[in-house]
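As stored in model-v4.pdb (PDB, C-alpha atoms, pLDDT in the B column):
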ATOM      1  CA  MET A   1     100.580  57.924 -57.072  1.00 91.00           C
ATOM      2  CA  ASN A   2      99.584  60.411 -54.364  1.00 96.00           C
ATOM      3  CA  ILE A   3      97.624  63.244 -56.021  1.00 98.00           C
ATOM      4  CA  CYS A   4      96.190  66.139 -54.003  1.00 98.00           C
ATOM      5  CA  ALA A   5      93.754  68.753 -55.306  1.00 98.00           C
ATOM      6  CA  ILE A   6      93.925  72.351 -54.105  1.00 98.00           C
ATOM      7  CA  VAL A   7      90.685  74.352 -54.330  1.00 98.00           C
ATOM      8  CA  PRO A   8      91.236  78.102 -53.823  1.00 96.00           C
ATOM      9  CA  ALA A   9      87.912  79.388 -52.483  1.00 92.00           C
ATOM     10  CA  ALA A  10      89.064  82.453 -50.600  1.00 81.00           C
ATOM     11  CA  GLY A  11      88.345  85.137 -53.190  1.00 69.00           C
ATOM     12  CA  ALA A  12      85.986  88.072 -52.741  1.00 65.00           C
ATOM     13  CA  GLY A  13      84.410  87.869 -56.213  1.00 58.00           C
ATOM     14  CA  ARG A  14      83.859  91.618 -56.607  1.00 64.00           C
ATOM     15  CA  ARG A  15      82.672  91.340 -60.220  1.00 61.00           C
ATOM     16  CA  MET A  16      79.694  89.293 -59.052  1.00 64.00           C
ATOM     17  CA  GLN A  17      78.300  92.408 -57.322  1.00 61.00           C
ATOM     18  CA  SER A  18      76.953  90.322 -54.442  1.00 66.00           C
ATOM     19  CA  GLU A  19      77.312  90.613 -50.674  1.00 69.00           C
ATOM     20  CA  LYS A  20      77.890  86.853 -50.546  1.00 77.00           C
ATOM     21  CA  ARG A  21      81.150  85.465 -51.914  1.00 83.00           C
ATOM     22  CA  LYS A  22      80.604  83.957 -55.350  1.00 87.00           C
ATOM     23  CA  GLN A  23      81.754  80.448 -54.390  1.00 90.00           C
ATOM     24  CA  PHE A  24      78.874  80.271 -51.898  1.00 89.00           C
ATOM     25  CA  LEU A  25      76.193  81.613 -54.257  1.00 91.00           C
ATOM     26  CA  LEU A  26      73.561  79.076 -55.235  1.00 92.00           C
ATOM     27  CA  LEU A  27      73.634  77.451 -58.642  1.00 93.00           C
ATOM     28  CA  ALA A  28      70.377  75.546 -59.166  1.00 92.00           C
ATOM     29  CA  GLY A  29      69.901  75.579 -55.380  1.00 91.00           C
ATOM     30  CA  VAL A  30      73.407  74.312 -54.523  1.00 91.00           C
ATOM     31  CA  PRO A  31      76.536  76.358 -53.613  1.00 91.00           C
ATOM     32  CA  ILE A  32      78.781  76.708 -56.667  1.00 94.00           C
ATOM     33  CA  LEU A  33      81.695  75.367 -54.640  1.00 94.00           C
ATOM     34  CA  TYR A  34      79.941  72.029 -54.126  1.00 94.00           C
ATOM     35  CA  TYR A  35      80.009  71.215 -57.842  1.00 95.00           C
ATOM     36  CA  SER A  36      83.796  71.552 -57.939  1.00 96.00           C
ATOM     37  CA  LEU A  37      84.215  69.506 -54.761  1.00 96.00           C
ATOM     38  CA  ALA A  38      81.879  66.831 -56.084  1.00 96.00           C
ATOM     39  CA  VAL A  39      83.704  66.252 -59.362  1.00 96.00           C
ATOM     40  CA  LEU A  40      87.058  66.163 -57.548  1.00 97.00           C
ATOM     41  CA  SER A  41      85.636  63.632 -55.093  1.00 96.00           C
ATOM     42  CA  GLU A  42      84.464  61.481 -57.996  1.00 95.00           C
ATOM     43  CA  CYS A  43      87.924  61.383 -59.628  1.00 96.00           C
ATOM     44  CA  ASP A  44      89.462  58.070 -58.640  1.00 95.00           C
ATOM     45  CA  ARG A  45      93.037  59.280 -59.187  1.00 96.00           C
ATOM     46  CA  ILE A  46      92.709  62.184 -56.739  1.00 98.00           C
ATOM     47  CA  SER A  47      93.628  61.051 -53.235  1.00 96.00           C
ATOM     48  CA  SER A  48      92.775  64.138 -51.200  1.00 97.00           C
ATOM     49  CA  ILE A  49      91.550  67.739 -51.340  1.00 98.00           C
ATOM     50  CA  VAL A  50      92.831  70.844 -49.567  1.00 97.00           C
ATOM     51  CA  LEU A  51      90.118  73.509 -49.450  1.00 96.00           C
ATOM     52  CA  MET A  52      91.196  77.114 -48.925  1.00 95.00           C
ATOM     53  CA  VAL A  53      88.573  79.533 -47.587  1.00 92.00           C
ATOM     54  CA  PRO A  54      88.438  83.082 -46.185  1.00 89.00           C
ATOM     55  CA  LYS A  55      89.297  83.394 -42.487  1.00 89.00           C
ATOM     56  CA  GLU A  56      85.812  84.669 -41.643  1.00 86.00           C
ATOM     57  CA  ASP A  57      84.206  81.602 -43.288  1.00 80.00           C
ATOM     58  CA  LEU A  58      86.428  78.938 -41.724  1.00 82.00           C
ATOM     59  CA  ALA A  59      84.103  78.124 -38.809  1.00 78.00           C
ATOM     60  CA  TYR A  60      81.073  78.134 -41.105  1.00 72.00           C
ATOM     61  CA  MET A  61      82.677  75.649 -43.486  1.00 75.00           C
ATOM     62  CA  THR A  62      84.086  73.278 -40.883  1.00 70.00           C
ATOM     63  CA  GLU A  63      81.352  73.326 -38.241  1.00 67.00           C
ATOM     64  CA  GLN A  64      77.975  74.438 -39.515  1.00 51.00           C
ATOM     65  CA  GLU A  65      78.273  72.927 -42.972  1.00 57.00           C
ATOM     66  CA  LYS A  66      80.142  69.745 -41.908  1.00 73.00           C
ATOM     67  CA  ILE A  67      81.731  69.863 -45.318  1.00 84.00           C
ATOM     68  CA  THR A  68      84.303  67.196 -44.550  1.00 84.00           C
ATOM     69  CA  GLN A  69      81.476  64.746 -43.895  1.00 85.00           C
ATOM     70  CA  ARG A  70      79.836  65.511 -47.205  1.00 88.00           C
ATOM     71  CA  PHE A  71      83.131  65.346 -49.101  1.00 93.00           C
ATOM     72  CA  PRO A  72      85.358  62.835 -47.245  1.00 92.00           C
ATOM     73  CA  LYS A  73      88.346  63.416 -49.541  1.00 96.00           C
ATOM     74  CA  ILE A  74      88.850  66.838 -47.956  1.00 95.00           C
ATOM     75  CA  GLN A  75      92.083  66.477 -46.008  1.00 94.00           C
ATOM     76  CA  ALA A  76      92.113  70.009 -44.605  1.00 93.00           C
ATOM     77  CA  VAL A  77      90.137  73.265 -44.672  1.00 93.00           C
ATOM     78  CA  LEU A  78      92.603  76.128 -44.328  1.00 94.00           C
ATOM     79  CA  VAL A  79      92.606  79.926 -44.410  1.00 94.00           C
ATOM     80  CA  GLY A  80      93.539  81.425 -47.762  1.00 93.00           C
ATOM     81  CA  GLY A  81      95.588  84.533 -48.480  1.00 93.00           C
ATOM     82  CA  LYS A  82      94.834  88.012 -49.741  1.00 91.00           C
ATOM     83  CA  GLU A  83      95.289  87.068 -53.406  1.00 94.00           C
ATOM     84  CA  ARG A  84      94.765  83.763 -55.212  1.00 95.00           C
ATOM     85  CA  GLN A  85      98.522  83.247 -55.567  1.00 97.00           C
ATOM     86  CA  ASP A  86      98.946  83.695 -51.804  1.00 97.00           C
ATOM     87  CA  THR A  87      96.173  81.160 -51.238  1.00 97.00           C
ATOM     88  CA  VAL A  88      97.776  78.473 -53.404  1.00 98.00           C
ATOM     89  CA  TYR A  89     101.137  79.195 -51.765  1.00 98.00           C
ATOM     90  CA  ALA A  90      99.611  78.608 -48.319  1.00 97.00           C
ATOM     91  CA  ALA A  91      98.167  75.278 -49.480  1.00 98.00           C
ATOM     92  CA  LEU A  92     101.500  74.187 -50.950  1.00 98.00           C
ATOM     93  CA  ASP A  93     103.297  75.201 -47.756  1.00 98.00           C
ATOM     94  CA  TYR A  94     100.901  72.985 -45.802  1.00 97.00           C
ATOM     95  CA  LEU A  95     101.463  70.087 -48.207  1.00 98.00           C
ATOM     96  CA  SER A  96     105.249  70.527 -48.062  1.00 97.00           C
ATOM     97  CA  ARG A  97     105.063  69.524 -44.407  1.00 94.00           C
ATOM     98  CA  ALA A  98     102.728  66.595 -45.011  1.00 89.00           C
ATOM     99  CA  CYS A  99     104.080  63.076 -44.796  1.00 84.00           C
ATOM    100  CA  PRO A 100     104.261  62.010 -47.484  1.00 89.00           C
ATOM    101  CA  ALA A 101     104.059  65.088 -49.701  1.00 92.00           C
ATOM    102  CA  PRO A 102     101.971  64.509 -52.842  1.00 97.00           C
ATOM    103  CA  ASP A 103     103.527  63.460 -56.132  1.00 97.00           C
ATOM    104  CA  LEU A 104     101.196  65.635 -58.193  1.00 98.00           C
ATOM    105  CA  VAL A 105      99.035  68.635 -57.316  1.00 98.00           C
ATOM    106  CA  VAL A 106      95.842  69.573 -59.144  1.00 98.00           C
ATOM    107  CA  VAL A 107      94.678  73.178 -58.799  1.00 98.00           C
ATOM    108  CA  HIS A 108      91.028  73.787 -59.661  1.00 98.00           C
ATOM    109  CA  ASP A 109      88.954  76.954 -59.362  1.00 97.00           C
ATOM    110  CA  ALA A 110      86.127  76.785 -56.847  1.00 96.00           C
ATOM    111  CA  VAL A 111      83.864  78.510 -59.368  1.00 96.00           C
ATOM    112  CA  ARG A 112      84.362  76.243 -62.402  1.00 97.00           C
ATOM    113  CA  PRO A 113      81.434  73.917 -61.682  1.00 96.00           C
ATOM    114  CA  PHE A 114      81.218  72.317 -65.131  1.00 96.00           C
ATOM    115  CA  ALA A 115      84.622  70.661 -65.427  1.00 97.00           C
ATOM    116  CA  GLU A 116      84.197  66.966 -66.279  1.00 96.00           C
ATOM    117  CA  LYS A 117      85.960  63.971 -64.744  1.00 95.00           C
ATOM    118  CA  GLU A 118      87.493  63.131 -68.104  1.00 97.00           C
ATOM    119  CA  CYS A 119      89.224  66.517 -68.194  1.00 98.00           C
ATOM    120  CA  PHE A 120      90.833  65.891 -64.807  1.00 98.00           C
ATOM    121  CA  ALA A 121      91.967  62.445 -65.942  1.00 97.00           C
ATOM    122  CA  ASP A 122      93.499  63.871 -69.137  1.00 98.00           C
ATOM    123  CA  VAL A 123      95.323  66.687 -67.332  1.00 98.00           C
ATOM    124  CA  ILE A 124      96.663  64.320 -64.671  1.00 98.00           C
ATOM    125  CA  SER A 125      97.885  61.869 -67.319  1.00 98.00           C
ATOM    126  CA  ALA A 126      99.655  64.651 -69.224  1.00 98.00           C
ATOM    127  CA  ALA A 127     101.284  66.056 -66.073  1.00 98.00           C
ATOM    128  CA  SER A 128     102.432  62.563 -65.114  1.00 98.00           C
ATOM    129  CA  ARG A 129     104.432  62.527 -68.361  1.00 97.00           C
ATOM    130  CA  THR A 130     105.588  66.152 -68.616  1.00 97.00           C
ATOM    131  CA  GLY A 131     105.486  67.528 -65.053  1.00 98.00           C
ATOM    132  CA  ALA A 132     103.065  70.336 -65.932  1.00 98.00           C
ATOM    133  CA  ALA A 133      99.760  70.381 -67.836  1.00 98.00           C
ATOM    134  CA  ILE A 134      96.687  72.578 -68.020  1.00 98.00           C
ATOM    135  CA  ALA A 135      93.226  72.434 -69.553  1.00 98.00           C
ATOM    136  CA  ALA A 136      92.709  75.056 -72.247  1.00 98.00           C
ATOM    137  CA  VAL A 137      90.602  75.765 -75.330  1.00 98.00           C
ATOM    138  CA  PRO A 138      91.503  77.424 -78.644  1.00 97.00           C
ATOM    139  CA  VAL A 139      90.469  81.078 -78.752  1.00 96.00           C
ATOM    140  CA  GLN A 140      87.444  81.565 -81.027  1.00 94.00           C
ATOM    141  CA  ASP A 141      87.367  85.364 -81.232  1.00 94.00           C
ATOM    142  CA  THR A 142      89.790  87.572 -83.112  1.00 94.00           C
ATOM    143  CA  ILE A 143      92.181  89.024 -80.518  1.00 94.00           C
ATOM    144  CA  LYS A 144      93.392  92.617 -80.804  1.00 94.00           C
ATOM    145  CA  GLN A 145      96.392  93.883 -78.878  1.00 92.00           C
ATOM    146  CA  ALA A 146      95.678  97.466 -77.831  1.00 93.00           C
ATOM    147  CA  ASP A 147      97.814 100.468 -77.083  1.00 91.00           C
ATOM    148  CA  VAL A 148      96.467 101.115 -73.592  1.00 84.00           C
ATOM    149  CA  GLY A 149      97.375 104.792 -73.658  1.00 85.00           C
ATOM    150  CA  THR A 150      95.475 105.631 -76.845  1.00 90.00           C
ATOM    151  CA  MET A 151      93.137 102.628 -77.139  1.00 88.00           C
ATOM    152  CA  PHE A 152      94.108 102.126 -80.768  1.00 95.00           C
ATOM    153  CA  VAL A 153      94.772  98.630 -82.106  1.00 95.00           C
ATOM    154  CA  ARG A 154      98.480  97.866 -82.027  1.00 93.00           C
ATOM    155  CA  ASN A 155      98.339  94.387 -83.523  1.00 94.00           C
ATOM    156  CA  THR A 156      96.014  91.528 -84.462  1.00 94.00           C
ATOM    157  CA  GLU A 157      97.261  88.320 -82.879  1.00 90.00           C
ATOM    158  CA  PRO A 158      97.341  85.102 -84.956  1.00 90.00           C
ATOM    159  CA  ARG A 159      94.390  83.194 -83.557  1.00 90.00           C
ATOM    160  CA  GLU A 160      95.768  79.772 -84.482  1.00 90.00           C
ATOM    161  CA  SER A 161      98.376  79.968 -81.714  1.00 91.00           C
ATOM    162  CA  LEU A 162      96.148  81.375 -78.947  1.00 95.00           C
ATOM    163  CA  TRP A 163      94.535  79.231 -76.260  1.00 97.00           C
ATOM    164  CA  ALA A 164      92.401  80.313 -73.297  1.00 97.00           C
ATOM    165  CA  ALA A 165      93.713  78.754 -70.081  1.00 98.00           C
ATOM    166  CA  GLN A 166      91.318  77.023 -67.702  1.00 98.00           C
ATOM    167  CA  THR A 167      91.526  74.787 -64.682  1.00 98.00           C
ATOM    168  CA  PRO A 168      92.159  72.026 -63.784  1.00 98.00           C
ATOM    169  CA  GLN A 169      95.898  72.563 -63.887  1.00 98.00           C
ATOM    170  CA  CYS A 170      98.205  69.790 -62.714  1.00 98.00           C
ATOM    171  CA  PHE A 171     101.883  69.866 -61.775  1.00 98.00           C
ATOM    172  CA  SER A 172     104.555  67.797 -60.148  1.00 98.00           C
ATOM    173  CA  PHE A 173     104.486  68.954 -56.532  1.00 98.00           C
ATOM    174  CA  PRO A 174     108.206  69.866 -56.417  1.00 98.00           C
ATOM    175  CA  VAL A 175     107.815  71.835 -59.671  1.00 98.00           C
ATOM    176  CA  LEU A 176     104.855  73.921 -58.479  1.00 98.00           C
ATOM    177  CA  TRP A 177     106.224  74.439 -54.961  1.00 98.00           C
ATOM    178  CA  ALA A 178     109.570  75.646 -56.321  1.00 98.00           C
ATOM    179  CA  ALA A 179     107.791  77.953 -58.796  1.00 98.00           C
ATOM    180  CA  HIS A 180     105.719  79.553 -56.040  1.00 98.00           C
ATOM    181  CA  GLN A 181     108.735  79.966 -53.801  1.00 98.00           C
ATOM    182  CA  GLU A 182     110.693  81.635 -56.592  1.00 98.00           C
ATOM    183  CA  ALA A 183     107.776  83.929 -57.453  1.00 98.00           C
ATOM    184  CA  ARG A 184     107.514  85.001 -53.830  1.00 97.00           C
ATOM    185  CA  ARG A 185     111.265  85.536 -53.595  1.00 97.00           C
ATOM    186  CA  TYR A 186     111.260  87.906 -56.578  1.00 96.00           C
ATOM    187  CA  GLY A 187     107.830  89.469 -55.982  1.00 96.00           C
ATOM    188  CA  PHE A 188     106.386  88.136 -59.238  1.00 97.00           C
ATOM    189  CA  LYS A 189     102.595  87.936 -59.593  1.00 97.00           C
ATOM    190  CA  GLY A 190     101.192  85.606 -62.237  1.00 97.00           C
ATOM    191  CA  THR A 191      97.686  85.286 -63.628  1.00 95.00           C
ATOM    192  CA  ASP A 192      97.646  81.540 -62.974  1.00 97.00           C
ATOM    193  CA  ASP A 193      99.873  78.811 -61.573  1.00 98.00           C
ATOM    194  CA  ALA A 194     101.045  77.789 -65.023  1.00 98.00           C
ATOM    195  CA  GLU A 195     102.604  81.220 -65.569  1.00 98.00           C
ATOM    196  CA  LEU A 196     104.703  80.800 -62.425  1.00 98.00           C
ATOM    197  CA  VAL A 197     105.919  77.425 -63.680  1.00 98.00           C
ATOM    198  CA  GLU A 198     106.658  78.892 -67.133  1.00 98.00           C
ATOM    199  CA  LYS A 199     108.865  81.535 -65.484  1.00 97.00           C
ATOM    200  CA  THR A 200     111.130  78.775 -64.140  1.00 97.00           C
ATOM    201  CA  GLY A 201     111.786  77.524 -67.676  1.00 97.00           C
ATOM    202  CA  ILE A 202     109.609  74.419 -67.481  1.00 97.00           C
ATOM    203  CA  ARG A 203     107.319  73.828 -70.450  1.00 97.00           C
ATOM    204  CA  VAL A 204     103.607  73.429 -69.730  1.00 98.00           C
ATOM    205  CA  SER A 205     101.603  71.099 -71.948  1.00 98.00           C
ATOM    206  CA  LEU A 206      98.072  71.891 -73.126  1.00 98.00           C
ATOM    207  CA  VAL A 207      95.134  69.497 -72.802  1.00 98.00           C
ATOM    208  CA  MET A 208      91.868  70.164 -74.608  1.00 98.00           C
ATOM    209  CA  GLY A 209      89.321  71.519 -72.144  1.00 98.00           C
ATOM    210  CA  SER A 210      85.709  72.446 -72.839  1.00 97.00           C
ATOM    211  CA  TYR A 211      83.962  75.674 -73.789  1.00 97.00           C
ATOM    212  CA  ASP A 212      81.335  74.764 -71.166  1.00 96.00           C
ATOM    213  CA  ASN A 213      84.017  74.827 -68.455  1.00 97.00           C
ATOM    214  CA  ILE A 214      83.428  78.496 -67.671  1.00 96.00           C
ATOM    215  CA  LYS A 215      84.555  80.363 -64.587  1.00 96.00           C
ATOM    216  CA  ILE A 216      81.527  81.948 -62.939  1.00 95.00           C
ATOM    217  CA  THR A 217      82.584  85.513 -62.186  1.00 91.00           C
ATOM    218  CA  THR A 218      79.630  87.729 -63.194  1.00 92.00           C
ATOM    219  CA  PRO A 219      75.824  87.664 -62.782  1.00 92.00           C
ATOM    220  CA  THR A 220      75.554  86.761 -66.486  1.00 94.00           C
ATOM    221  CA  ASP A 221      77.765  83.709 -65.920  1.00 95.00           C
ATOM    222  CA  LEU A 222      75.480  82.643 -63.060  1.00 94.00           C
ATOM    223  CA  GLU A 223      72.406  83.001 -65.265  1.00 95.00           C
ATOM    224  CA  TRP A 224      74.050  80.899 -67.973  1.00 95.00           C
ATOM    225  CA  GLY A 225      74.994  78.258 -65.405  1.00 94.00           C
ATOM    226  CA  ASN A 226      71.449  77.995 -64.119  1.00 94.00           C
ATOM    227  CA  TYR A 227      70.132  77.713 -67.671  1.00 93.00           C
ATOM    228  CA  ARG A 228      72.641  74.991 -68.515  1.00 92.00           C
ATOM    229  CA  ILE A 229      71.673  72.897 -65.500  1.00 92.00           C
ATOM    230  CA  GLN A 230      67.939  73.337 -66.116  1.00 89.00           C
ATOM    231  CA  SER A 231      68.334  72.399 -69.784  1.00 89.00           C
ATOM    232  CA  LYS A 232      69.944  69.126 -68.697  1.00 83.00           C
ATOM    233  CA  GLY A 233      67.159  68.204 -66.280  1.00 80.00           C
ATOM    234  CA  GLY A 234      68.242  69.865 -63.031  1.00 76.00           C
ATOM    235  CA  ASN A 235      71.183  69.430 -60.706  1.00 72.00           C
ATOM    236  CA  GLN A 236      72.352  65.941 -59.791  1.00 67.00           C
ATOM    237  CA  PHE A 237      72.586  66.629 -56.074  1.00 69.00           C
ATOM    238  CA  GLU A 238      68.822  66.541 -55.638  1.00 59.00           C
ATOM    239  CA  SER A 239      68.463  63.294 -57.569  1.00 51.00           C
ATOM    240  CA  GLY A 240      71.071  61.620 -55.400  1.00 51.00           C
ATOM    241  CA  ASN A 241      73.455  61.023 -58.299  1.00 55.00           C
ATOM    242  CA  ARG A 242      76.179  63.159 -56.713  1.00 59.00           C
ATOM    243  CA  LEU A 243      77.677  63.329 -53.262  1.00 52.00           C
TER
END
Is it possible to express this structure as structure tokens?
Amino acid sequence: MNICAIVPAAGAGRRMQSEKRKQFLLLAGVPILYYSLAVLSECDRISSIVLMVPKEDLAYMTEQEKITQRFPKIQAVLVGGKERQDTVYAALDYLSRACPAPDLVVVHDAVRPFAEKECFADVISAASRTGAAIAAVPVQDTIKQADVGTMFVRNTEPRESLWAAQTPQCFSFPVLWAAHQEARRYGFKGTDDAELVEKTGIRVSLVMGSYDNIKITTPTDLEWGNYRIQSKGGNQFESGNRL
């Protein structure tokens, strides 16, 4: 089965409050992006990777960094869009013209460096059966729905049915491509790729993720990430255990 991973790494990361884009910030001395690329490269079932970057960073990624030499599964480094949804759409458009087009597509955030290979394998296996699957974890906090106008609690949601979505997310290529095309046609903006697929009427299955699989979006997240790596003996790039 031909499985391609899309890594959207074109975001600005404004909540990080840094001049450098968050995917290029160092986590234990290594760009955050590299952790995501490394685990994707180590997944035997993933055939190729399409990396989406900002236009102004394209030359840096393809020439100075020689990233395709470090991560040979990278099939293409392309310019992303204004928003994450535009970026994934551009990657899918590229893949729609590939020969052959992939059977499945995995979408994984550039700034989720702690996703494990087993999670990718589980999500891919589920999507192979159902056509759409995502990693997620049960919500641990009590969730209040607020009246935005008054900031009073409107309702307390039943926690048993609430899950926090993560990546990786995996879909049949025709399913995800059709969902993105329909969303663009009607001007719909979703919070993740799974929401676009849900809008087409296709059910998305949940696969247990990990509470460690955080998305690094704030300085506090970066501090936690550094602590986690140090507590486990340092990053594996320096020891030669990763690509």
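What separates atom CA of A:Thr217 from atom CA of A:Ala133 is a distance of 23.6 Å.
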Which residue, A:Arg203, A:Lys66, A:Lys117, A:Lys232, has the smallest gap to A:Ser41 when you use only C-alpha atoms? A:Lys117
Any chance you could resolve the PyMOL selection byres ((chain A and resi 173-180) around 7) against this file and give the residues as a list in words? Tyr89, Leu92, Pro102, Asp103, Leu104, Val105, Phe171, Ser172, Gln181, Glu182, Ala183, Arg184, Leu196, Val197 and Thr200 of chain A
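For the file shown, the residue list from the PyMOL selection byres ((chain A and resi 210-215) around 9) reads A:Asp109, A:Ala110, A:Val111, A:Arg112, A:Pro113, A:Phe114, A:Ala115, A:Glu116, A:Cys119, A:Ala135, A:Ala136, A:Val137, A:Gln166, A:Thr167, A:Met208, A:Gly209, A:Ile216, A:Thr217, A:Thr218, A:Asp221, A:Gly225.
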Residues at most 10 Å from A:Lys55, counting only C-alpha atoms, excluding those fewer than 2 positions away in the same chain, as a PDB file with C-alpha atoms, keeping the file's coordinate frame?
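Produced file part.pdb, reproduced below:
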ATOM      1  CA  ALA A  10      89.064  82.453 -50.600  1.00 81.00           C
ATOM      2  CA  MET A  52      91.196  77.114 -48.925  1.00 95.00           C
ATOM      3  CA  VAL A  53      88.573  79.533 -47.587  1.00 92.00           C
ATOM      4  CA  ASP A  57      84.206  81.602 -43.288  1.00 80.00           C
ATOM      5  CA  LEU A  58      86.428  78.938 -41.724  1.00 82.00           C
ATOM      6  CA  ALA A  59      84.103  78.124 -38.809  1.00 78.00           C
ATOM      7  CA  TYR A  60      81.073  78.134 -41.105  1.00 72.00           C
ATOM      8  CA  LEU A  78      92.603  76.128 -44.328  1.00 94.00           C
ATOM      9  CA  VAL A  79      92.606  79.926 -44.410  1.00 94.00           C
ATOM     10  CA  GLY A  80      93.539  81.425 -47.762  1.00 93.00           C
ATOM     11  CA  GLY A  81      95.588  84.533 -48.480  1.00 93.00           C
TER      12      GLY A  81
END
